[in-house]
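Participant: First, the structure itself, so that you have it in front of you.
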Amino acid sequence: MSQWPSVKAKNLLAALLRIGWRIKRQSGGSHRILARDGWPDVVFAFHDGDEIGPRMVARIAKHTGLMPDDL
């Protein structure tokens, strides 16, 4: 069992913004470039209503420093 739940993209984005990420720029409806000091930029390419599964949430967390408690 994964320690990561499935979450809606808008909730995951809100969690990333809470831990210090900011939207650097956005193109189209779903592609956002997120930036945080000391971290490489991350592409967040999900529509707000998309359900993101545990494996993808774990991959995003690895690149962003997100912890399960942050959700």
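By convention here, the chains of the structure tokens are called A, B, ... in the order presented, each chain's residues are numbered starting at 1, and ligands are numbered starting at 1 in the order presented.
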For Leu71 (chain A), find every residue with an atom within 10 Å (counting only C-alpha atoms), except residues of its own chain fewer than 4 positions away, and show them as a list in words.
Facilitator: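 Here the qualifying residues turn out to be Trp4, Pro5, Val7, Asn11, Leu12, Leu13, Ala14, Ala15, Leu16, Arg18, Leu66 and Met67 of chain A.
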Participant: List as a PyMOL selection string the protein and nucleic acid residues near Lys8 (chain A), meaning an atom at most 8 Å away when only C-alpha atoms are counted, but skip any in the same chain fewer than 2 places from it.
Facilitator: chain A and resi 6+10-12+48-52
Participant: Using only C-alpha atoms, which residues sit within 7 Å of Ile23 (chain A) once same-chain residues fewer than 5 positions away are excluded, as a PyMOL selection string?
Facilitator: chain A and resi 32-35
Participant: Keeping only N, CA, C and O atoms, write the selected residues as an mmCIF file, in the first residue's frame.
Facilitator:
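Result saved to selection_28.cif:
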data_model
loop_
_atom_site.group_PDB
_atom_site.id
_atom_site.type_symbol
_atom_site.label_atom_id
_atom_site.label_comp_id
_atom_site.auth_asym_id
_atom_site.auth_seq_id
_atom_site.Cartn_x
_atom_site.Cartn_y
_atom_site.Cartn_z
ATOM 1 N N ARG A 32 1.565 24.470 -16.079
ATOM 2 C CA ARG A 32 2.098 25.510 -15.195
ATOM 3 C C ARG A 32 3.541 25.165 -14.878
ATOM 4 O O ARG A 32 3.861 24.002 -14.634
ATOM 5 N N ILE A 33 4.400 26.159 -14.876
ATOM 6 C CA ILE A 33 5.786 25.983 -14.467
ATOM 7 C C ILE A 33 5.870 26.488 -13.030
ATOM 8 O O ILE A 33 5.548 27.646 -12.754
ATOM 9 N N LEU A 34 6.284 25.610 -12.123
ATOM 10 C CA LEU A 34 6.389 25.972 -10.716
ATOM 11 C C LEU A 34 7.849 26.208 -10.370
ATOM 12 O O LEU A 34 8.737 25.504 -10.860
ATOM 13 N N ALA A 35 8.097 27.178 -9.515
ATOM 14 C CA ALA A 35 9.457 27.515 -9.112
ATOM 15 C C ALA A 35 9.526 27.616 -7.596
ATOM 16 O O ALA A 35 8.553 28.001 -6.937
#
Participant: I'd like the contact shell of His63 (chain A) - 12 Å cut-off, only C-alpha atoms, skipping same-chain residues fewer than 2 positions apart - returned as a ChimeraX atom specification.
Facilitator: /A:16,21,34-36,38-44,56-61,65-67
Participant: Using DSSP on the backbone coordinates, identify all residues within chain A classified as strand (DSSP E); present the result as a ChimeraX atom specification.
Facilitator: /A:7-8,22-27,31-36,39-45,51-52
Participant: In chain A, what's alpha helix (DSSP H) per DSSP? Answer as a list in words?
Facilitator: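 DSSP-assigned alpha helix (DSSP H) residues in chain A: Ala9, Lys10, Asn11, Leu12, Leu13, Ala14, Ala15, Leu16, Leu17, Arg18, Pro54, Arg55, Met56, Val57, Ala58, Arg59, Ile60, Ala61, Lys62, His63 and Thr64 of chain A.
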Participant: Contacts of Ser30 (chain A) at 6 Å or less, counting only C-alpha atoms, minus same-chain residues fewer than 6 places along, as a CSV table (one decimal) with all heavy atoms, in the first residue's frame?
Facilitator:
chain,number,residue,atom,x,y,z
A,45,ALA,N,1.4,19.7,-15.2
A,45,ALA,CA,0.6,19.6,-16.4
A,45,ALA,C,-0.7,18.9,-16.2
A,45,ALA,O,-0.9,17.9,-16.9
A,45,ALA,CB,1.4,19.0,-17.6
A,46,PHE,N,-1.5,19.3,-15.3
A,46,PHE,CA,-2.8,18.7,-15.0
A,46,PHE,C,-3.9,19.7,-15.0
A,46,PHE,O,-3.7,20.9,-14.5
A,46,PHE,CB,-2.8,18.0,-13.7
A,46,PHE,CG,-1.7,17.0,-13.5
A,46,PHE,CD1,-0.5,17.2,-12.9
A,46,PHE,CD2,-1.9,15.7,-14.1
A,46,PHE,CE1,0.5,16.3,-12.8
A,46,PHE,CE2,-0.9,14.7,-13.9
A,46,PHE,CZ,0.3,15.0,-13.3
A,47,HIS,N,-5.1,19.4,-15.4
A,47,HIS,CA,-6.3,20.2,-15.3
A,47,HIS,C,-6.7,20.1,-13.8
A,47,HIS,O,-6.5,19.0,-13.2
A,47,HIS,CB,-7.4,19.8,-16.2
A,47,HIS,CG,-7.1,20.0,-17.7
A,47,HIS,ND1,-7.3,21.3,-18.2
A,47,HIS,CD2,-6.6,19.2,-18.6
A,47,HIS,CE1,-6.9,21.2,-19.5
A,47,HIS,NE2,-6.5,20.0,-19.8
Participant: Hey, what's within 12 Å of Asp37 (chain A) if we count only C-alpha atoms and toss same-chain stuff fewer than 5 positions away? As JSON, numbers by chain, please?
Facilitator: {"A": [19, 20, 21, 22, 24, 42, 64]}
Participant: Selection from above, all heavy atoms, as a PDB file, in the first residue's frame, can you write it?
Facilitator:
ATOM      1  N   ILE A  19       3.678  24.869   0.536  1.00  0.00           N
ATOM      2  CA  ILE A  19       5.041  24.556   1.005  1.00  0.00           C
ATOM      3  C   ILE A  19       6.107  25.414   0.336  1.00  0.00           C
ATOM      4  O   ILE A  19       7.299  25.159   0.490  1.00  0.00           O
ATOM      5  CB  ILE A  19       5.388  23.055   0.848  1.00  0.00           C
ATOM      6  CG1 ILE A  19       5.425  22.618  -0.619  1.00  0.00           C
ATOM      7  CG2 ILE A  19       4.442  22.197   1.660  1.00  0.00           C
ATOM      8  CD1 ILE A  19       6.047  21.249  -0.846  1.00  0.00           C
ATOM      9  N   GLY A  20       5.688  26.441  -0.403  1.00  0.00           N
ATOM     10  CA  GLY A  20       6.656  27.402  -0.906  1.00  0.00           C
ATOM     11  C   GLY A  20       6.843  27.471  -2.407  1.00  0.00           C
ATOM     12  O   GLY A  20       7.615  28.294  -2.897  1.00  0.00           O
ATOM     13  N   TRP A  21       6.172  26.615  -3.161  1.00  0.00           N
ATOM     14  CA  TRP A  21       6.248  26.700  -4.609  1.00  0.00           C
ATOM     15  C   TRP A  21       5.384  27.857  -5.080  1.00  0.00           C
ATOM     16  O   TRP A  21       4.421  28.231  -4.423  1.00  0.00           O
ATOM     17  CB  TRP A  21       5.787  25.392  -5.258  1.00  0.00           C
ATOM     18  CG  TRP A  21       6.785  24.297  -5.066  1.00  0.00           C
ATOM     19  CD1 TRP A  21       6.831  23.431  -4.027  1.00  0.00           C
ATOM     20  CD2 TRP A  21       7.887  23.982  -5.903  1.00  0.00           C
ATOM     21  NE1 TRP A  21       7.908  22.585  -4.170  1.00  0.00           N
ATOM     22  CE2 TRP A  21       8.568  22.901  -5.312  1.00  0.00           C
ATOM     23  CE3 TRP A  21       8.363  24.499  -7.107  1.00  0.00           C
ATOM     24  CZ2 TRP A  21       9.701  22.331  -5.884  1.00  0.00           C
ATOM     25  CZ3 TRP A  21       9.491  23.924  -7.672  1.00  0.00           C
ATOM     26  CH2 TRP A  21      10.149  22.862  -7.067  1.00  0.00           C
ATOM     27  N   ARG A  22       5.727  28.444  -6.220  1.00  0.00           N
ATOM     28  CA  ARG A  22       4.927  29.502  -6.808  1.00  0.00           C
ATOM     29  C   ARG A  22       4.794  29.226  -8.297  1.00  0.00           C
ATOM     30  O   ARG A  22       5.618  28.524  -8.890  1.00  0.00           O
ATOM     31  CB  ARG A  22       5.550  30.880  -6.569  1.00  0.00           C
ATOM     32  CG  ARG A  22       6.897  31.067  -7.200  1.00  0.00           C
ATOM     33  CD  ARG A  22       7.492  32.440  -6.935  1.00  0.00           C
ATOM     34  NE  ARG A  22       8.868  32.498  -7.417  1.00  0.00           N
ATOM     35  CZ  ARG A  22       9.221  32.674  -8.689  1.00  0.00           C
ATOM     36  NH1 ARG A  22       8.320  32.840  -9.606  1.00  0.00           N
ATOM     37  NH2 ARG A  22      10.500  32.700  -9.035  1.00  0.00           N
ATOM     38  N   LYS A  24       5.395  30.148 -11.738  1.00  0.00           N
ATOM     39  CA  LYS A  24       6.316  31.031 -12.459  1.00  0.00           C
ATOM     40  C   LYS A  24       5.665  31.543 -13.735  1.00  0.00           C
ATOM     41  O   LYS A  24       5.753  32.714 -14.064  1.00  0.00           O
ATOM     42  CB  LYS A  24       7.596  30.258 -12.769  1.00  0.00           C
ATOM     43  CG  LYS A  24       8.704  31.049 -13.387  1.00  0.00           C
ATOM     44  CD  LYS A  24       9.944  30.156 -13.514  1.00  0.00           C
ATOM     45  CE  LYS A  24      11.117  30.883 -14.107  1.00  0.00           C
ATOM     46  NZ  LYS A  24      12.286  29.976 -14.196  1.00  0.00           N
ATOM     47  N   VAL A  42       9.607  22.880 -11.972  1.00  0.00           N
ATOM     48  CA  VAL A  42       8.795  21.677 -12.179  1.00  0.00           C
ATOM     49  C   VAL A  42       7.624  22.040 -13.075  1.00  0.00           C
ATOM     50  O   VAL A  42       6.993  23.081 -12.891  1.00  0.00           O
ATOM     51  CB  VAL A  42       8.272  21.142 -10.824  1.00  0.00           C
ATOM     52  CG1 VAL A  42       7.286  20.013 -11.025  1.00  0.00           C
ATOM     53  CG2 VAL A  42       9.415  20.698  -9.935  1.00  0.00           C
ATOM     54  N   THR A  64       9.612  17.618  -5.683  1.00  0.00           N
ATOM     55  CA  THR A  64       9.188  18.881  -5.077  1.00  0.00           C
ATOM     56  C   THR A  64       9.399  18.975  -3.575  1.00  0.00           C
ATOM     57  O   THR A  64       9.224  20.038  -2.996  1.00  0.00           O
ATOM     58  CB  THR A  64       7.683  19.138  -5.350  1.00  0.00           C
ATOM     59  OG1 THR A  64       6.916  18.088  -4.752  1.00  0.00           O
ATOM     60  CG2 THR A  64       7.398  19.243  -6.833  1.00  0.00           C
TER      61      THR A  64
END
